[in-house]
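Accompanying notes for the structure given below.
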Amino acid sequence: MNVLIIVNNINTGKAISRYLLFVSQISSDFITLKTLVQQGSKPFRNYKTIILETHDNIDVDYGIQFGRVFESYGAKITFFFLQNYFRFGYTIKDLPANCFYIPLQLKDFLHHINKSEFVEKAATELEQILFTNPLTSSHH
């Protein structure tokens, strides 16, 4: 199985790639979000497993946007993010099983990329958790 790792910092991609090779003997390729934005998703649609950082260096959610595209082509995505982007009312407990906030979930993230449980349409769910306020109802 060949995995595509898409990150902001190439050193992060190298570290994840080495981890996959050492722990699971899984080969991987890595690119930056900048490369993905420049080239689009078409050159990378043959990857069925993708590890994807959610935001670029200036906090644009390109990873989530492209994640939705890759999911539509049947790819299994593992999302991760390094900054606290949670909207009020949401916590780590609300994240889909294949989405990780690294400062608090590094161990879970590393365990996940070896066992790979995936939630379909996680990009849509993740977008709601990170970019919209939760729906509330009031009873009068």
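Just so we're on the same page: first chain in the structure tokens is A, next is B, and so on; residues restart at 1 for each chain, and ligands are numbered from 1 in the order they show up.
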
Would you please give, as a PDB file with N, CA and C atoms, in the first residue's frame, all residues of chain A that DSSP assigns to helix (DSSP H, G or I) based on the backbone?
```pdb
ATOM      1  N   ILE A  10       7.889  20.027   5.187  1.00  0.00           N
ATOM      2  CA  ILE A  10       8.398  18.793   4.572  1.00  0.00           C
ATOM      3  C   ILE A  10       9.039  17.873   5.616  1.00  0.00           C
ATOM      4  N   ASN A  11       9.608  18.453   6.679  1.00  0.00           N
ATOM      5  CA  ASN A  11      10.192  17.615   7.742  1.00  0.00           C
ATOM      6  C   ASN A  11       9.129  16.804   8.468  1.00  0.00           C
ATOM      7  N   THR A  12       7.943  17.360   8.610  1.00  0.00           N
ATOM      8  CA  THR A  12       6.834  16.606   9.201  1.00  0.00           C
ATOM      9  C   THR A  12       6.481  15.427   8.305  1.00  0.00           C
ATOM     10  N   GLY A  13       6.433  15.664   7.001  1.00  0.00           N
ATOM     11  CA  GLY A  13       6.160  14.591   6.050  1.00  0.00           C
ATOM     12  C   GLY A  13       7.207  13.500   6.114  1.00  0.00           C
ATOM     13  N   LYS A  14       8.467  13.884   6.209  1.00  0.00           N
ATOM     14  CA  LYS A  14       9.546  12.899   6.310  1.00  0.00           C
ATOM     15  C   LYS A  14       9.413  12.073   7.582  1.00  0.00           C
ATOM     16  N   ALA A  15       9.080  12.729   8.696  1.00  0.00           N
ATOM     17  CA  ALA A  15       8.950  12.019   9.972  1.00  0.00           C
ATOM     18  C   ALA A  15       7.808  11.010   9.924  1.00  0.00           C
ATOM     19  N   ILE A  16       6.673  11.399   9.383  1.00  0.00           N
ATOM     20  CA  ILE A  16       5.535  10.474   9.279  1.00  0.00           C
ATOM     21  C   ILE A  16       5.887   9.335   8.334  1.00  0.00           C
ATOM     22  N   SER A  17       6.540   9.646   7.245  1.00  0.00           N
ATOM     23  CA  SER A  17       6.951   8.623   6.283  1.00  0.00           C
ATOM     24  C   SER A  17       7.892   7.602   6.932  1.00  0.00           C
ATOM     25  N   ARG A  18       8.883   8.086   7.670  1.00  0.00           N
ATOM     26  CA  ARG A  18       9.811   7.170   8.357  1.00  0.00           C
ATOM     27  C   ARG A  18       9.075   6.320   9.385  1.00  0.00           C
ATOM     28  N   TYR A  19       8.144   6.906  10.093  1.00  0.00           N
ATOM     29  CA  TYR A  19       7.363   6.163  11.083  1.00  0.00           C
ATOM     30  C   TYR A  19       6.583   5.037  10.406  1.00  0.00           C
ATOM     31  N   LEU A  20       5.905   5.335   9.320  1.00  0.00           N
ATOM     32  CA  LEU A  20       5.137   4.307   8.605  1.00  0.00           C
ATOM     33  C   LEU A  20       6.032   3.173   8.117  1.00  0.00           C
ATOM     34  N   LEU A  21       7.190   3.529   7.604  1.00  0.00           N
ATOM     35  CA  LEU A  21       8.113   2.512   7.102  1.00  0.00           C
ATOM     36  C   LEU A  21       8.675   1.665   8.242  1.00  0.00           C
ATOM     37  N   PHE A  22       9.058   2.300   9.326  1.00  0.00           N
ATOM     38  CA  PHE A  22       9.662   1.589  10.449  1.00  0.00           C
ATOM     39  C   PHE A  22       8.662   0.694  11.179  1.00  0.00           C
ATOM     40  N   VAL A  23       7.490   1.219  11.469  1.00  0.00           N
ATOM     41  CA  VAL A  23       6.513   0.484  12.276  1.00  0.00           C
ATOM     42  C   VAL A  23       5.709  -0.514  11.447  1.00  0.00           C
ATOM     43  N   SER A  24       5.332  -0.133  10.238  1.00  0.00           N
ATOM     44  CA  SER A  24       4.408  -0.962   9.466  1.00  0.00           C
ATOM     45  C   SER A  24       4.928  -1.410   8.112  1.00  0.00           C
ATOM     46  N   LEU A  33       1.227  21.118   1.174  1.00  0.00           N
ATOM     47  CA  LEU A  33      -0.065  21.675   0.774  1.00  0.00           C
ATOM     48  C   LEU A  33       0.112  22.685  -0.358  1.00  0.00           C
ATOM     49  N   LYS A  34       1.219  23.411  -0.339  1.00  0.00           N
ATOM     50  CA  LYS A  34       1.504  24.382  -1.396  1.00  0.00           C
ATOM     51  C   LYS A  34       1.564  23.679  -2.754  1.00  0.00           C
ATOM     52  N   THR A  35       2.236  22.537  -2.811  1.00  0.00           N
ATOM     53  CA  THR A  35       2.311  21.755  -4.046  1.00  0.00           C
ATOM     54  C   THR A  35       0.925  21.300  -4.477  1.00  0.00           C
ATOM     55  N   LEU A  36       0.130  20.841  -3.521  1.00  0.00           N
ATOM     56  CA  LEU A  36      -1.227  20.383  -3.819  1.00  0.00           C
ATOM     57  C   LEU A  36      -2.074  21.522  -4.380  1.00  0.00           C
ATOM     58  N   VAL A  37      -1.979  22.689  -3.768  1.00  0.00           N
ATOM     59  CA  VAL A  37      -2.741  23.845  -4.246  1.00  0.00           C
ATOM     60  C   VAL A  37      -2.295  24.224  -5.658  1.00  0.00           C
ATOM     61  N   GLN A  38      -1.005  24.190  -5.916  1.00  0.00           N
ATOM     62  CA  GLN A  38      -0.487  24.561  -7.231  1.00  0.00           C
ATOM     63  C   GLN A  38      -0.859  23.552  -8.312  1.00  0.00           C
ATOM     64  N   GLN A  39      -0.787  22.261  -7.989  1.00  0.00           N
ATOM     65  CA  GLN A  39      -1.008  21.219  -8.999  1.00  0.00           C
ATOM     66  C   GLN A  39      -2.434  20.690  -9.026  1.00  0.00           C
ATOM     67  N   LYS A  42      -5.689  16.231  -9.192  1.00  0.00           N
ATOM     68  CA  LYS A  42      -5.641  15.231 -10.268  1.00  0.00           C
ATOM     69  C   LYS A  42      -4.383  14.359 -10.257  1.00  0.00           C
ATOM     70  N   PRO A  43      -3.166  14.921 -10.098  1.00  0.00           N
ATOM     71  CA  PRO A  43      -1.973  14.070 -10.117  1.00  0.00           C
ATOM     72  C   PRO A  43      -1.882  13.098  -8.933  1.00  0.00           C
ATOM     73  N   PHE A  44      -2.735  13.283  -7.941  1.00  0.00           N
ATOM     74  CA  PHE A  44      -2.618  12.493  -6.714  1.00  0.00           C
ATOM     75  C   PHE A  44      -3.839  11.613  -6.441  1.00  0.00           C
ATOM     76  N   TYR A  62      -7.115  24.469   3.287  1.00  0.00           N
ATOM     77  CA  TYR A  62      -6.962  23.733   2.032  1.00  0.00           C
ATOM     78  C   TYR A  62      -7.023  22.224   2.241  1.00  0.00           C
ATOM     79  N   GLY A  63      -6.476  21.737   3.332  1.00  0.00           N
ATOM     80  CA  GLY A  63      -6.488  20.302   3.591  1.00  0.00           C
ATOM     81  C   GLY A  63      -7.897  19.743   3.676  1.00  0.00           C
ATOM     82  N   ILE A  64      -8.777  20.475   4.339  1.00  0.00           N
ATOM     83  CA  ILE A  64     -10.168  20.023   4.444  1.00  0.00           C
ATOM     84  C   ILE A  64     -10.839  20.103   3.076  1.00  0.00           C
ATOM     85  N   GLN A  65     -10.587  21.183   2.353  1.00  0.00           N
ATOM     86  CA  GLN A  65     -11.200  21.334   1.034  1.00  0.00           C
ATOM     87  C   GLN A  65     -10.757  20.213   0.091  1.00  0.00           C
ATOM     88  N   PHE A  66      -9.464  19.950   0.035  1.00  0.00           N
ATOM     89  CA  PHE A  66      -8.973  18.872  -0.825  1.00  0.00           C
ATOM     90  C   PHE A  66      -9.358  17.504  -0.258  1.00  0.00           C
ATOM     91  N   GLY A  67      -9.454  17.405   1.054  1.00  0.00           N
ATOM     92  CA  GLY A  67      -9.893  16.154   1.660  1.00  0.00           C
ATOM     93  C   GLY A  67     -11.261  15.743   1.156  1.00  0.00           C
ATOM     94  N   ARG A  68     -12.144  16.706   1.025  1.00  0.00           N
ATOM     95  CA  ARG A  68     -13.475  16.428   0.497  1.00  0.00           C
ATOM     96  C   ARG A  68     -13.382  15.891  -0.934  1.00  0.00           C
ATOM     97  N   VAL A  69     -12.492  16.467  -1.737  1.00  0.00           N
ATOM     98  CA  VAL A  69     -12.303  16.005  -3.120  1.00  0.00           C
ATOM     99  C   VAL A  69     -11.767  14.577  -3.122  1.00  0.00           C
ATOM    100  N   PHE A  70     -10.725  14.318  -2.334  1.00  0.00           N
ATOM    101  CA  PHE A  70     -10.146  12.968  -2.286  1.00  0.00           C
ATOM    102  C   PHE A  70     -11.168  11.941  -1.784  1.00  0.00           C
ATOM    103  N   GLU A  71     -11.966  12.337  -0.798  1.00  0.00           N
ATOM    104  CA  GLU A  71     -13.006  11.416  -0.309  1.00  0.00           C
ATOM    105  C   GLU A  71     -14.001  11.074  -1.410  1.00  0.00           C
ATOM    106  N   SER A  72     -14.310  12.035  -2.257  1.00  0.00           N
ATOM    107  CA  SER A  72     -15.267  11.768  -3.340  1.00  0.00           C
ATOM    108  C   SER A  72     -14.712  10.763  -4.346  1.00  0.00           C
ATOM    109  N   ILE A  92     -12.373  17.872  21.362  1.00  0.00           N
ATOM    110  CA  ILE A  92     -11.724  16.718  20.728  1.00  0.00           C
ATOM    111  C   ILE A  92     -12.681  15.537  20.633  1.00  0.00           C
ATOM    112  N   LYS A  93     -13.541  15.383  21.611  1.00  0.00           N
ATOM    113  CA  LYS A  93     -14.485  14.261  21.612  1.00  0.00           C
ATOM    114  C   LYS A  93     -15.430  14.286  20.422  1.00  0.00           C
ATOM    115  N   ASP A  94     -15.597  15.446  19.806  1.00  0.00           N
ATOM    116  CA  ASP A  94     -16.495  15.576  18.659  1.00  0.00           C
ATOM    117  C   ASP A  94     -15.837  15.222  17.328  1.00  0.00           C
ATOM    118  N   ILE A 102      -3.131  17.207  17.038  1.00  0.00           N
ATOM    119  CA  ILE A 102      -1.835  16.638  17.410  1.00  0.00           C
ATOM    120  C   ILE A 102      -1.324  17.057  18.798  1.00  0.00           C
ATOM    121  N   PRO A 103      -1.443  18.311  19.208  1.00  0.00           N
ATOM    122  CA  PRO A 103      -0.899  18.636  20.536  1.00  0.00           C
ATOM    123  C   PRO A 103      -1.464  17.780  21.673  1.00  0.00           C
ATOM    124  N   LEU A 104      -2.690  17.302  21.515  1.00  0.00           N
ATOM    125  CA  LEU A 104      -3.292  16.477  22.564  1.00  0.00           C
ATOM    126  C   LEU A 104      -3.498  15.025  22.155  1.00  0.00           C
ATOM    127  N   GLN A 105      -3.323  14.699  20.879  1.00  0.00           N
ATOM    128  CA  GLN A 105      -3.654  13.354  20.404  1.00  0.00           C
ATOM    129  C   GLN A 105      -2.553  12.711  19.566  1.00  0.00           C
ATOM    130  N   LEU A 106      -1.309  13.044  19.804  1.00  0.00           N
ATOM    131  CA  LEU A 106      -0.232  12.476  18.990  1.00  0.00           C
ATOM    132  C   LEU A 106      -0.207  10.952  19.087  1.00  0.00           C
ATOM    133  N   LYS A 107      -0.305  10.416  20.287  1.00  0.00           N
ATOM    134  CA  LYS A 107      -0.286   8.961  20.457  1.00  0.00           C
ATOM    135  C   LYS A 107      -1.440   8.303  19.697  1.00  0.00           C
ATOM    136  N   ASP A 108      -2.632   8.883  19.798  1.00  0.00           N
ATOM    137  CA  ASP A 108      -3.799   8.348  19.085  1.00  0.00           C
ATOM    138  C   ASP A 108      -3.609   8.427  17.572  1.00  0.00           C
ATOM    139  N   PHE A 109      -3.033   9.533  17.106  1.00  0.00           N
ATOM    140  CA  PHE A 109      -2.758   9.718  15.683  1.00  0.00           C
ATOM    141  C   PHE A 109      -1.812   8.634  15.173  1.00  0.00           C
ATOM    142  N   LEU A 110      -0.713   8.416  15.884  1.00  0.00           N
ATOM    143  CA  LEU A 110       0.264   7.409  15.465  1.00  0.00           C
ATOM    144  C   LEU A 110      -0.343   6.010  15.486  1.00  0.00           C
ATOM    145  N   HIS A 111      -1.156   5.729  16.480  1.00  0.00           N
ATOM    146  CA  HIS A 111      -1.829   4.430  16.549  1.00  0.00           C
ATOM    147  C   HIS A 111      -2.815   4.281  15.374  1.00  0.00           C
ATOM    148  N   HIS A 112      -3.520   5.352  15.071  1.00  0.00           N
ATOM    149  CA  HIS A 112      -4.519   5.316  14.001  1.00  0.00           C
ATOM    150  C   HIS A 112      -3.902   5.030  12.634  1.00  0.00           C
ATOM    151  N   ILE A 113      -2.782   5.655  12.338  1.00  0.00           N
ATOM    152  CA  ILE A 113      -2.240   5.474  10.989  1.00  0.00           C
ATOM    153  C   ILE A 113      -1.732   4.062  10.761  1.00  0.00           C
ATOM    154  N   ASN A 114      -1.691   3.263  11.795  1.00  0.00           N
ATOM    155  CA  ASN A 114      -1.356   1.844  11.636  1.00  0.00           C
ATOM    156  C   ASN A 114      -2.597   0.963  11.530  1.00  0.00           C
ATOM    157  N   LYS A 115      -3.689   1.355  12.182  1.00  0.00           N
ATOM    158  CA  LYS A 115      -4.879   0.506  12.131  1.00  0.00           C
ATOM    159  C   LYS A 115      -5.940   1.032  11.179  1.00  0.00           C
ATOM    160  N   ALA A 122     -15.652  12.566   6.401  1.00  0.00           N
ATOM    161  CA  ALA A 122     -15.093  13.198   7.590  1.00  0.00           C
ATOM    162  C   ALA A 122     -14.775  14.664   7.344  1.00  0.00           C
ATOM    163  N   ALA A 123     -14.436  15.032   6.113  1.00  0.00           N
ATOM    164  CA  ALA A 123     -14.113  16.428   5.809  1.00  0.00           C
ATOM    165  C   ALA A 123     -15.302  17.335   6.095  1.00  0.00           C
ATOM    166  N   THR A 124     -16.484  16.900   5.736  1.00  0.00           N
ATOM    167  CA  THR A 124     -17.687  17.693   5.980  1.00  0.00           C
ATOM    168  C   THR A 124     -17.933  17.833   7.475  1.00  0.00           C
ATOM    169  N   GLU A 125     -17.793  16.742   8.203  1.00  0.00           N
ATOM    170  CA  GLU A 125     -17.982  16.775   9.651  1.00  0.00           C
ATOM    171  C   GLU A 125     -16.914  17.631  10.324  1.00  0.00           C
ATOM    172  N   LEU A 126     -15.692  17.487   9.891  1.00  0.00           N
ATOM    173  CA  LEU A 126     -14.594  18.262  10.453  1.00  0.00           C
ATOM    174  C   LEU A 126     -14.784  19.753  10.194  1.00  0.00           C
ATOM    175  N   GLU A 127     -15.238  20.084   9.016  1.00  0.00           N
ATOM    176  CA  GLU A 127     -15.485  21.488   8.693  1.00  0.00           C
ATOM    177  C   GLU A 127     -16.503  22.099   9.651  1.00  0.00           C
ATOM    178  N   GLN A 128     -17.534  21.361   9.968  1.00  0.00           N
ATOM    179  CA  GLN A 128     -18.548  21.861  10.896  1.00  0.00           C
ATOM    180  C   GLN A 128     -17.949  22.081  12.287  1.00  0.00           C
ATOM    181  N   ILE A 129     -17.129  21.168  12.733  1.00  0.00           N
ATOM    182  CA  ILE A 129     -16.544  21.249  14.072  1.00  0.00           C
ATOM    183  C   ILE A 129     -15.551  22.410  14.177  1.00  0.00           C
ATOM    184  N   LEU A 130     -14.841  22.667  13.105  1.00  0.00           N
ATOM    185  CA  LEU A 130     -13.801  23.692  13.159  1.00  0.00           C
ATOM    186  C   LEU A 130     -14.235  25.057  12.637  1.00  0.00           C
ATOM    187  N   PHE A 131     -15.275  25.126  11.816  1.00  0.00           N
ATOM    188  CA  PHE A 131     -15.581  26.391  11.160  1.00  0.00           C
ATOM    189  C   PHE A 131     -16.994  26.909  11.317  1.00  0.00           C
TER     190      PHE A 131
END
```

Original post:
Within 7 Å of Leu4 in chain A, counting only C-alpha atoms, which residues qualify if same-chain residues fewer than 6 places away don't, as a PyMOL selection string?
Top reply: chain A and resi 28-30+47+49-51

Residues of the last selection are to be written out with C-alpha atoms, as a PDB file, in the first residue's frame.
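Once written, again-v7.pdb looks like this:
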```
ATOM      1  CA  SER A  28       4.746   6.591   1.374  1.00  0.00           C
ATOM      2  CA  ASP A  29       5.266   9.737  -0.635  1.00  0.00           C
ATOM      3  CA  PHE A  30       4.932  13.242   0.711  1.00  0.00           C
ATOM      4  CA  TYR A  47      -3.542   7.250  -3.777  1.00  0.00           C
ATOM      5  CA  THR A  49      -4.784   6.396   1.636  1.00  0.00           C
ATOM      6  CA  ILE A  50      -3.889   9.993   2.430  1.00  0.00           C
ATOM      7  CA  ILE A  51      -2.592  11.635   5.601  1.00  0.00           C
TER       8      ILE A  51
END
```

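When CA of Asn84 in chain A is paired with CA of Asn98 in chain A, their separation reads 16.8 Å.
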
Original post:
Which value, in Å to one decimal, gives the distance between CA of Ser41 in chain A and CA of Asp59 in chain A?
Top reply: 19.5 Å

**OP:** Output as a list in words all residues of chain A that backbone DSSP marks as strand (DSSP E or B).
**Re:** Asn2, Val3, Leu4, Ile5, Ile6, Val7, Ser27, Ser28, Asp29, Phe30, Ile31, Thr32, Thr49, Ile50, Ile51, Leu52, Glu53, Lys76, Ile77, Thr78, Phe79, Phe80, Phe81, Cys99, Phe100 and Tyr101 of chain A

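Nearest to Tyr73 in chain A of all the residues A:Thr54, A:Phe118, A:Tyr90, A:Asn46 is A:Asn46, counting only C-alpha atoms.
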
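For the choices A:Val3, A:Leu52, A:Ile31, A:Ile26, the atom-to-atom distance to Leu82 in chain A is smallest for A:Leu52 when using only C-alpha atoms.
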
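Between Val60 in chain A and the residues A:Phe100, A:Glu120, A:Asn2, A:Gln83, the shortest atom-to-atom distance, using only C-alpha atoms, involves A:Gln83.
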
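Coordinates place CA of Asn57 in chain A at a distance of 17.2 Å from CA of Phe86 in chain A.
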
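Each of A:His55, A:Lys48, A:Lys76, A:Lys121 was checked against Asn8 in chain A using only C-alpha atoms; the smallest atom-to-atom distance is that of A:His55.
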